[in-house]
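Novice: For reference, the structure I am asking about is given below.
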Amino acid sequence: MGDAALRILVTGASRGIGREIAQQLLDSGHNVAVTARSQDDLEDLVTGYSNSMVIVADSTQPKSAEEAVSKVVNQWNGLDVLIINAGDGSAAPIEKTTDEIWDKSIAINLTAPFHYLRAAVPTMKNGKFGRVVVIASTAGLEGEPNVSAYTAAKHGVIGLVRSSAAELAKHGITVNAVCPSYVDTPMTQRSLQAAALRTGKTFDEVKAALLSKIPGGRFLSVDEVAKAAISFIALPDQTGQTQIVKGD
């Protein structure tokens, strides 16, 4: 990444993968703006860092991306790196996947990344430099049962990454995706709890069954995914990539 401090915006930074990414970047001395819905969690994250900015926002709100990017550009006169991490998902058999589940998954996992990418492109083009990293999922590259909405949204965001990468390369902007398998995050815990309720099994039984199908038999750590995401910042010739991160 070089010695110069970059201007970075991380979405979904209040917990899990996004928080770890932001923490590592702050520790490296970069200027990092963090956004999520929870002000308390964000303020706790940046305590003691003068090179930080807190932007409380809901990524699914139509104007939130434009407003967040505008705040970063106004404060730091540009934006070098955008890490799109905010995401969520609900598990349900396809016949029980309601319009609400579908719409919510598309909004947070596909439409919000599009809004942030669209908002960031003009300032990155102006600076002739940009690094965009989307935290996607292996569900964006292969089918997963009982998460049709989430899987469809993640497939969609992979398409967005590949298309925008082809379009923006001539402007010095790279767009890549990190596709982790199951990660030890609050979202994974919620998914396991939902599966236990749906199947009548205990939480531990559901967890054991899932772990038996995962390479290496363990969940990824947020540190592993964060390092994979941050590595793309220093790779000028890598764009349109979908880096799979598994625990094997």
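FYI, nothing fancy with the structure tokens labels: chains A, B, ... in order, residues from 1 per chain, ligands from 1 as they appear.
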Taking only C-alpha atoms into account, produce a table as JSON lines in which each residue of segment 11-40 of chain A with an atom at most 9 Å from an atom of segment 65-82 of chain A appears once, together with its shortest atom pair and the distance in Å to one decimal, ordered by chain and rising number.
Specialist:
```
{"residue": "A:Thr11", "atom": "CA", "partner": "A:Leu82", "partner_atom": "CA", "distance": 8.2}
{"residue": "A:Asn31", "atom": "CA", "partner": "A:Trp76", "partner_atom": "CA", "distance": 8.4}
{"residue": "A:Ala33", "atom": "CA", "partner": "A:Val72", "partner_atom": "CA", "distance": 7.0}
{"residue": "A:Thr35", "atom": "CA", "partner": "A:Ala68", "partner_atom": "CA", "distance": 7.8}
```
Novice: If you take only C-alpha atoms and a cut-off of 7 Å, which residues of segment 93-184 of chain A touch segment 229-233 of chain A, and what are their nearest atom pairs and distances in Å to one decimal, in chain and number order, as a Markdown table?
Specialist:
```
| residue | atom | partner | partner_atom | distance |
| --- | --- | --- | --- | --- |
| A:Arg131 | CA | A:Ile233 | CA | 5.9 |
| A:Val133 | CA | A:Ala229 | CA | 6.5 |
| A:Val178 | CA | A:Ala229 | CA | 6.1 |
```
Novice: Where in segment 26-248 of chain A does DSSP assign strand (DSSP E), given as a CSV table (one decimal) with N, CA, C and O atoms, in the first residue's frame?
Specialist:
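Writing done, so here's selection05.csv:
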```
chain,number,residue,atom,x,y,z
A,31,ASN,N,-6.5,7.0,6.7
A,31,ASN,CA,-7.7,7.8,7.0
A,31,ASN,C,-8.9,6.9,6.7
A,31,ASN,O,-9.1,6.6,5.6
A,32,VAL,N,-9.6,6.6,7.7
A,32,VAL,CA,-10.7,5.6,7.6
A,32,VAL,C,-12.1,6.2,8.1
A,32,VAL,O,-12.2,6.5,9.2
A,33,ALA,N,-13.0,6.2,7.1
A,33,ALA,CA,-14.4,6.6,7.5
A,33,ALA,C,-15.2,5.3,7.6
A,33,ALA,O,-15.1,4.4,6.8
A,34,VAL,N,-15.9,5.2,8.7
A,34,VAL,CA,-16.7,3.9,9.0
A,34,VAL,C,-18.2,4.3,9.0
A,34,VAL,O,-18.6,5.3,9.6
A,35,THR,N,-19.0,3.4,8.4
A,35,THR,CA,-20.4,3.6,8.4
A,35,THR,C,-21.2,2.4,8.8
A,35,THR,O,-20.7,1.3,8.4
A,36,ALA,N,-22.2,2.6,9.5
A,36,ALA,CA,-23.2,1.5,9.9
A,36,ALA,C,-24.3,2.2,10.6
A,36,ALA,O,-24.4,3.5,10.7
A,52,SER,N,-9.9,9.2,11.7
A,52,SER,CA,-11.1,8.5,11.5
A,52,SER,C,-12.3,9.4,11.3
A,52,SER,O,-12.2,10.6,11.7
A,53,MET,N,-13.4,8.8,10.8
A,53,MET,CA,-14.6,9.6,10.7
A,53,MET,C,-15.8,8.6,10.8
A,53,MET,O,-15.8,7.5,10.3
A,54,VAL,N,-16.8,9.0,11.6
A,54,VAL,CA,-18.0,8.1,11.8
A,54,VAL,C,-19.1,8.7,11.0
A,54,VAL,O,-19.4,9.9,11.1
A,55,ILE,N,-19.8,7.8,10.2
A,55,ILE,CA,-20.9,8.2,9.5
A,55,ILE,C,-22.0,7.2,9.8
A,55,ILE,O,-22.0,6.1,9.4
A,56,VAL,N,-23.0,7.7,10.5
A,56,VAL,CA,-24.1,6.8,10.9
A,56,VAL,C,-25.1,6.8,9.7
A,56,VAL,O,-25.6,7.8,9.3
A,81,VAL,N,-10.2,4.4,-1.5
A,81,VAL,CA,-10.6,3.0,-1.4
A,81,VAL,C,-12.0,2.9,-0.8
A,81,VAL,O,-12.3,3.6,0.2
A,82,LEU,N,-12.8,2.1,-1.4
A,82,LEU,CA,-14.1,1.8,-0.9
A,82,LEU,C,-14.2,0.3,-0.6
A,82,LEU,O,-14.0,-0.5,-1.5
A,83,ILE,N,-14.5,-0.1,0.6
A,83,ILE,CA,-14.7,-1.5,0.9
A,83,ILE,C,-16.2,-1.7,1.3
A,83,ILE,O,-16.6,-1.1,2.3
A,84,ILE,N,-16.9,-2.4,0.5
A,84,ILE,CA,-18.3,-2.6,0.7
A,84,ILE,C,-18.6,-3.9,1.4
A,84,ILE,O,-18.4,-5.0,0.8
A,130,GLY,N,-8.4,4.2,-7.9
A,130,GLY,CA,-9.5,3.8,-7.0
A,130,GLY,C,-9.3,2.3,-6.7
A,130,GLY,O,-8.9,1.5,-7.6
A,131,ARG,N,-9.7,1.9,-5.5
A,131,ARG,CA,-9.7,0.5,-5.2
A,131,ARG,C,-11.1,0.2,-4.5
A,131,ARG,O,-11.4,0.8,-3.5
A,132,VAL,N,-11.8,-0.7,-5.1
A,132,VAL,CA,-13.1,-1.1,-4.6
A,132,VAL,C,-13.1,-2.6,-4.3
A,132,VAL,O,-12.7,-3.4,-5.2
A,133,VAL,N,-13.4,-2.9,-3.1
A,133,VAL,CA,-13.4,-4.3,-2.7
A,133,VAL,C,-14.8,-4.6,-2.1
A,133,VAL,O,-15.3,-3.9,-1.2
A,134,VAL,N,-15.5,-5.6,-2.6
A,134,VAL,CA,-16.8,-6.1,-2.2
A,134,VAL,C,-16.6,-7.4,-1.4
A,134,VAL,O,-16.0,-8.3,-1.9
A,135,ILE,N,-17.2,-7.4,-0.2
A,135,ILE,CA,-17.2,-8.6,0.6
A,135,ILE,C,-18.4,-9.4,0.1
A,135,ILE,O,-19.6,-9.0,0.5
A,173,ILE,N,-9.0,2.3,-11.8
A,173,ILE,CA,-9.8,1.8,-10.7
A,173,ILE,C,-10.0,0.3,-10.8
A,173,ILE,O,-10.3,-0.2,-11.9
A,174,THR,N,-9.7,-0.4,-9.8
A,174,THR,CA,-9.9,-1.8,-9.7
A,174,THR,C,-11.1,-2.1,-8.9
A,174,THR,O,-11.4,-1.4,-7.9
A,175,VAL,N,-11.8,-3.2,-9.2
A,175,VAL,CA,-13.0,-3.6,-8.5
A,175,VAL,C,-12.9,-5.2,-8.3
A,175,VAL,O,-12.8,-5.9,-9.3
A,176,ASN,N,-12.8,-5.6,-7.1
A,176,ASN,CA,-12.6,-7.0,-6.8
A,176,ASN,C,-13.6,-7.5,-5.7
A,176,ASN,O,-14.1,-6.7,-5.0
A,177,ALA,N,-13.8,-8.8,-5.6
A,177,ALA,CA,-14.6,-9.4,-4.6
A,177,ALA,C,-13.9,-10.4,-3.8
A,177,ALA,O,-13.1,-11.2,-4.3
A,178,VAL,N,-14.1,-10.4,-2.5
A,178,VAL,CA,-13.7,-11.5,-1.6
A,178,VAL,C,-14.9,-12.4,-1.3
A,178,VAL,O,-15.9,-11.9,-0.9
A,179,CYS,N,-14.7,-13.7,-1.5
A,179,CYS,CA,-15.8,-14.6,-1.4
A,179,CYS,C,-15.5,-15.6,-0.3
A,179,CYS,O,-15.0,-16.7,-0.6
A,180,PRO,N,-15.8,-15.3,1.0
A,180,PRO,CA,-15.5,-16.2,2.0
A,180,PRO,C,-16.6,-17.3,2.2
A,180,PRO,O,-17.8,-17.1,1.7
A,242,THR,N,-12.5,-12.7,-8.1
A,242,THR,CA,-13.4,-13.2,-7.0
A,242,THR,C,-12.6,-14.2,-6.2
A,242,THR,O,-12.5,-15.4,-6.5
A,243,GLN,N,-11.9,-13.7,-5.2
A,243,GLN,CA,-11.0,-14.5,-4.4
A,243,GLN,C,-11.8,-15.3,-3.3
A,243,GLN,O,-12.4,-14.8,-2.4
A,244,ILE,N,-11.8,-16.6,-3.5
A,244,ILE,CA,-12.4,-17.5,-2.6
A,244,ILE,C,-11.5,-17.7,-1.3
A,244,ILE,O,-10.3,-17.9,-1.4
A,245,VAL,N,-12.2,-17.5,-0.1
A,245,VAL,CA,-11.4,-17.7,1.1
A,245,VAL,C,-12.1,-18.9,1.9
A,245,VAL,O,-13.3,-18.7,2.2
```
Novice: In terms of the shortest atom-to-atom distance over only C-alpha atoms, which of A:Ala226, A:Leu168, A:Leu110, A:Ala120 is closest to His155 of chain A?
Specialist: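 Of A:Ala226, A:Leu168, A:Leu110, A:Ala120, the one nearest His155 of chain A, counting only C-alpha atoms, is A:Leu110.
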Novice: Env of segment 187-199 of chain A: 12 Å cut, atoms = only C-alpha atoms, seq-sep filter 3 positions within chain, self excluded. Answer as a short mmCIF file (atom, residue, chain, number, x, y, z; two decimals) with all heavy atoms, in the first residue's frame.
Specialist:
```cif
data_model
loop_
_atom_site.label_atom_id
_atom_site.label_comp_id
_atom_site.auth_asym_id
_atom_site.auth_seq_id
_atom_site.Cartn_x
_atom_site.Cartn_y
_atom_site.Cartn_z
N ARG A 15 -19.41 -4.15 13.22
CA ARG A 15 -19.12 -5.47 13.81
C ARG A 15 -18.59 -6.42 12.74
O ARG A 15 -18.57 -6.11 11.55
CB ARG A 15 -20.38 -6.05 14.45
CG ARG A 15 -21.54 -6.24 13.50
CD ARG A 15 -22.72 -6.91 14.19
NE ARG A 15 -23.32 -6.00 15.16
CZ ARG A 15 -24.48 -5.38 14.96
NH1 ARG A 15 -25.16 -5.57 13.85
NH2 ARG A 15 -24.96 -4.56 15.87
N GLY A 16 -18.16 -7.58 13.18
CA GLY A 16 -17.76 -8.65 12.26
C GLY A 16 -16.61 -8.27 11.34
O GLY A 16 -15.63 -7.65 11.74
N ILE A 17 -16.75 -8.69 10.07
CA ILE A 17 -15.68 -8.50 9.09
C ILE A 17 -15.36 -7.03 8.88
O ILE A 17 -14.20 -6.62 8.84
CB ILE A 17 -16.08 -9.15 7.75
CG1 ILE A 17 -16.24 -10.67 7.92
CG2 ILE A 17 -15.04 -8.85 6.68
CD1 ILE A 17 -16.92 -11.34 6.73
N ALA A 86 -21.19 -4.17 4.16
CA ALA A 86 -22.53 -4.33 4.74
C ALA A 86 -23.33 -5.40 4.00
O ALA A 86 -23.40 -5.40 2.77
CB ALA A 86 -23.27 -3.00 4.71
N GLY A 87 -23.90 -6.32 4.74
CA GLY A 87 -24.68 -7.39 4.14
C GLY A 87 -25.44 -8.16 5.20
O GLY A 87 -25.13 -8.06 6.39
N ASP A 88 -26.42 -8.91 4.77
CA ASP A 88 -27.21 -9.70 5.71
C ASP A 88 -28.00 -10.73 4.91
O ASP A 88 -28.11 -10.64 3.69
CB ASP A 88 -28.16 -8.81 6.51
CG ASP A 88 -28.56 -9.44 7.85
OD1 ASP A 88 -28.19 -10.61 8.08
OD2 ASP A 88 -29.24 -8.77 8.63
N GLY A 89 -28.55 -11.70 5.62
CA GLY A 89 -29.33 -12.72 4.94
C GLY A 89 -30.23 -13.47 5.89
O GLY A 89 -29.93 -13.59 7.08
N SER A 90 -31.33 -13.97 5.36
CA SER A 90 -32.27 -14.79 6.12
C SER A 90 -32.42 -16.14 5.43
O SER A 90 -32.47 -16.21 4.21
CB SER A 90 -33.63 -14.10 6.23
OG SER A 90 -33.54 -12.87 6.91
N ALA A 91 -32.49 -17.18 6.24
CA ALA A 91 -32.63 -18.53 5.68
C ALA A 91 -34.09 -18.95 5.67
O ALA A 91 -34.82 -18.73 6.64
CB ALA A 91 -31.81 -19.52 6.50
N ALA A 92 -34.51 -19.55 4.55
CA ALA A 92 -35.87 -20.08 4.42
C ALA A 92 -35.94 -20.94 3.17
O ALA A 92 -35.28 -20.63 2.17
CB ALA A 92 -36.89 -18.95 4.33
N PRO A 93 -36.71 -22.02 3.20
CA PRO A 93 -36.94 -22.78 1.97
C PRO A 93 -37.55 -21.85 0.92
O PRO A 93 -38.22 -20.87 1.27
CB PRO A 93 -37.93 -23.86 2.39
CG PRO A 93 -37.79 -23.95 3.88
CD PRO A 93 -37.45 -22.58 4.35
N LYS A 96 -41.05 -20.72 1.16
CA LYS A 96 -41.36 -19.88 2.31
C LYS A 96 -40.56 -18.58 2.30
O LYS A 96 -40.56 -17.83 3.28
CB LYS A 96 -41.11 -20.65 3.60
CG LYS A 96 -42.06 -21.82 3.79
CD LYS A 96 -41.83 -22.52 5.12
CE LYS A 96 -42.81 -23.68 5.30
NZ LYS A 96 -42.61 -24.39 6.59
N PRO A 145 -28.51 -24.16 -0.46
CA PRO A 145 -29.91 -24.43 -0.15
C PRO A 145 -30.45 -23.52 0.94
O PRO A 145 -29.71 -23.09 1.83
CB PRO A 145 -29.90 -25.89 0.31
CG PRO A 145 -28.52 -26.08 0.87
CD PRO A 145 -27.62 -25.24 0.01
N ASN A 146 -31.73 -23.23 0.86
CA ASN A 146 -32.46 -22.49 1.88
C ASN A 146 -32.05 -21.03 2.04
O ASN A 146 -32.44 -20.37 3.00
CB ASN A 146 -32.36 -23.19 3.25
CG ASN A 146 -32.95 -24.58 3.22
OD1 ASN A 146 -34.07 -24.78 2.77
ND2 ASN A 146 -32.17 -25.56 3.69
N VAL A 147 -31.28 -20.52 1.11
CA VAL A 147 -30.92 -19.10 1.12
C VAL A 147 -30.99 -18.55 -0.31
O VAL A 147 -30.06 -17.92 -0.80
CB VAL A 147 -29.52 -18.85 1.73
CG1 VAL A 147 -29.55 -18.94 3.24
CG2 VAL A 147 -28.49 -19.81 1.15
N TYR A 150 -30.54 -14.64 -0.63
CA TYR A 150 -29.15 -14.25 -0.35
C TYR A 150 -28.23 -14.69 -1.48
O TYR A 150 -27.38 -13.92 -1.95
CB TYR A 150 -28.72 -14.89 0.97
CG TYR A 150 -27.30 -14.60 1.39
CD1 TYR A 150 -26.98 -13.40 2.01
CD2 TYR A 150 -26.28 -15.54 1.21
CE1 TYR A 150 -25.68 -13.13 2.42
CE2 TYR A 150 -24.99 -15.27 1.62
CZ TYR A 150 -24.69 -14.07 2.22
OH TYR A 150 -23.40 -13.81 2.62
N SER A 181 -16.26 -18.44 2.71
CA SER A 181 -17.27 -19.41 3.11
C SER A 181 -17.80 -18.93 4.46
O SER A 181 -17.78 -17.73 4.75
CB SER A 181 -16.67 -20.82 3.20
OG SER A 181 -15.58 -20.85 4.11
N TYR A 182 -18.25 -19.80 5.31
CA TYR A 182 -18.85 -19.37 6.57
C TYR A 182 -17.80 -18.75 7.49
O TYR A 182 -16.73 -19.31 7.69
CB TYR A 182 -19.54 -20.55 7.26
CG TYR A 182 -20.80 -20.98 6.56
CD1 TYR A 182 -20.76 -21.96 5.57
CD2 TYR A 182 -22.02 -20.41 6.88
CE1 TYR A 182 -21.91 -22.35 4.91
CE2 TYR A 182 -23.19 -20.80 6.23
CZ TYR A 182 -23.13 -21.77 5.25
OH TYR A 182 -24.27 -22.15 4.60
N VAL A 183 -18.15 -17.59 8.04
CA VAL A 183 -17.25 -16.84 8.90
C VAL A 183 -17.87 -16.74 10.30
O VAL A 183 -19.09 -16.66 10.45
CB VAL A 183 -17.01 -15.42 8.34
CG1 VAL A 183 -15.93 -14.70 9.15
CG2 VAL A 183 -16.62 -15.48 6.87
N ASP A 184 -17.03 -16.75 11.30
CA ASP A 184 -17.50 -16.66 12.68
C ASP A 184 -17.92 -15.22 12.98
O ASP A 184 -17.14 -14.41 13.48
CB ASP A 184 -16.39 -17.10 13.64
CG ASP A 184 -16.88 -17.21 15.08
OD1 ASP A 184 -18.10 -17.09 15.31
OD2 ASP A 184 -16.04 -17.42 15.97
N THR A 202 -31.12 -28.95 17.80
CA THR A 202 -30.48 -28.01 18.70
C THR A 202 -29.48 -27.16 17.92
O THR A 202 -29.04 -27.52 16.81
CB THR A 202 -29.73 -28.73 19.83
OG1 THR A 202 -28.60 -29.45 19.26
CG2 THR A 202 -30.64 -29.70 20.56
N PHE A 203 -29.10 -26.04 18.52
CA PHE A 203 -28.10 -25.16 17.90
C PHE A 203 -26.81 -25.93 17.64
O PHE A 203 -26.22 -25.83 16.56
CB PHE A 203 -27.85 -23.96 18.82
CG PHE A 203 -26.81 -23.01 18.30
CD1 PHE A 203 -27.15 -21.97 17.46
CD2 PHE A 203 -25.46 -23.16 18.65
CE1 PHE A 203 -26.20 -21.07 16.98
CE2 PHE A 203 -24.50 -22.28 18.19
CZ PHE A 203 -24.87 -21.24 17.35
N ASP A 204 -26.37 -26.70 18.63
CA ASP A 204 -25.10 -27.43 18.49
C ASP A 204 -25.18 -28.49 17.39
O ASP A 204 -24.19 -28.73 16.68
CB ASP A 204 -24.73 -28.09 19.81
CG ASP A 204 -24.26 -27.08 20.86
OD1 ASP A 204 -23.89 -25.95 20.46
OD2 ASP A 204 -24.29 -27.40 22.06
N GLU A 205 -26.35 -29.12 17.24
CA GLU A 205 -26.51 -30.12 16.18
C GLU A 205 -26.43 -29.47 14.81
O GLU A 205 -25.78 -30.00 13.88
CB GLU A 205 -27.86 -30.83 16.35
CG GLU A 205 -27.91 -31.83 17.51
CD GLU A 205 -29.30 -32.39 17.74
OE1 GLU A 205 -30.30 -31.72 17.37
OE2 GLU A 205 -29.40 -33.49 18.30
N VAL A 206 -27.07 -28.33 14.66
CA VAL A 206 -27.04 -27.62 13.38
C VAL A 206 -25.62 -27.14 13.06
O VAL A 206 -25.14 -27.27 11.94
CB VAL A 206 -28.01 -26.42 13.40
CG1 VAL A 206 -27.84 -25.56 12.16
CG2 VAL A 206 -29.45 -26.91 13.50
N LYS A 207 -24.96 -26.62 14.08
CA LYS A 207 -23.59 -26.14 13.89
C LYS A 207 -22.65 -27.29 13.50
O LYS A 207 -21.85 -27.15 12.57
CB LYS A 207 -23.09 -25.48 15.18
CG LYS A 207 -21.68 -24.91 15.06
CD LYS A 207 -21.27 -24.21 16.35
CE LYS A 207 -19.86 -23.65 16.25
NZ LYS A 207 -19.45 -22.95 17.49
N ALA A 208 -22.78 -28.42 14.17
CA ALA A 208 -21.92 -29.57 13.86
C ALA A 208 -22.15 -30.07 12.44
O ALA A 208 -21.20 -30.43 11.73
CB ALA A 208 -22.18 -30.69 14.87
N ALA A 209 -23.42 -30.08 12.02
CA ALA A 209 -23.74 -30.54 10.67
C ALA A 209 -23.13 -29.62 9.62
O ALA A 209 -22.61 -30.08 8.59
CB ALA A 209 -25.25 -30.62 10.50
N LEU A 210 -23.19 -28.32 9.88
CA LEU A 210 -22.61 -27.36 8.95
C LEU A 210 -21.09 -27.48 8.90
O LEU A 210 -20.48 -27.52 7.82
CB LEU A 210 -23.02 -25.94 9.33
CG LEU A 210 -22.47 -24.81 8.45
CD1 LEU A 210 -22.89 -25.00 7.00
CD2 LEU A 210 -22.94 -23.46 8.97
N LEU A 211 -20.47 -27.57 10.05
CA LEU A 211 -19.01 -27.66 10.11
C LEU A 211 -18.50 -28.91 9.40
O LEU A 211 -17.40 -28.91 8.83
CB LEU A 211 -18.54 -27.66 11.56
CG LEU A 211 -18.64 -26.33 12.31
CD1 LEU A 211 -18.29 -26.51 13.78
CD2 LEU A 211 -17.71 -25.28 11.68
N PHE A 219 -15.10 -22.54 11.02
CA PHE A 219 -15.47 -21.25 10.46
C PHE A 219 -14.22 -20.40 10.24
O PHE A 219 -13.23 -20.52 10.99
CB PHE A 219 -16.42 -20.49 11.39
CG PHE A 219 -17.77 -21.15 11.56
CD1 PHE A 219 -18.38 -21.17 12.80
CD2 PHE A 219 -18.41 -21.73 10.48
CE1 PHE A 219 -19.62 -21.77 12.97
CE2 PHE A 219 -19.64 -22.34 10.63
CZ PHE A 219 -20.26 -22.36 11.88
N LEU A 220 -14.25 -19.56 9.25
CA LEU A 220 -13.17 -18.59 9.05
C LEU A 220 -13.20 -17.55 10.16
O LEU A 220 -14.25 -17.25 10.73
CB LEU A 220 -13.34 -17.88 7.71
CG LEU A 220 -13.15 -18.70 6.44
CD1 LEU A 220 -13.65 -17.92 5.23
CD2 LEU A 220 -11.69 -19.08 6.26
N SER A 221 -12.05 -16.97 10.45
CA SER A 221 -12.01 -15.83 11.37
C SER A 221 -12.18 -14.55 10.58
O SER A 221 -11.89 -14.49 9.37
CB SER A 221 -10.67 -15.81 12.11
OG SER A 221 -9.62 -15.47 11.22
N VAL A 222 -12.63 -13.51 11.26
CA VAL A 222 -12.77 -12.22 10.57
C VAL A 222 -11.41 -11.69 10.14
O VAL A 222 -11.31 -10.98 9.12
CB VAL A 222 -13.50 -11.18 11.47
CG1 VAL A 222 -14.95 -11.58 11.67
CG2 VAL A 222 -12.79 -11.02 12.82
#
```
Novice: Rounded to one decimal, what separation in Å do you get between atom CA of Ala57 of chain A and atom CA of Ala139 of chain A?
Specialist: 26.1 Å
Novice: From the options A:Ser137, A:Thr60, A:Ile101, A:Asp237, which residue's atoms come nearest to Pro113 of chain A, counting only C-alpha atoms?
Specialist: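 Using only C-alpha atoms, the shortest distance to Pro113 of chain A belongs to A:Thr60.
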Novice: Have a look at A:Ile108, A:Ile21, A:Ala5, A:Ala152 and name the one nearest to Asn51 of chain A; count only C-alpha atoms.
Specialist: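 Of A:Ile108, A:Ile21, A:Ala5, A:Ala152, the one nearest Asn51 of chain A is A:Ala5, counting only C-alpha atoms.
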Novice: Closest to Leu117 of chain A among A:Ala22, A:Leu160, A:Ala4, A:Ile94, using only C-alpha atoms?
Specialist: A:Leu160
Novice: Just give me the gap between atom CA of Thr239 of chain A and atom CA of Gly156 of chain A in Å, one decimal is fine.
Specialist: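 These atoms are spaced 17.1 Å apart.
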Novice: Name the closest residue to Gly18 of chain A among the candidates A:Ile106, A:Leu42, A:Pro122, A:Ser148; distances are taken between atoms, counting only C-alpha atoms.
Specialist: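 Looking only at the distances to Gly18 of chain A, the closest residue turns out to be A:Leu42.
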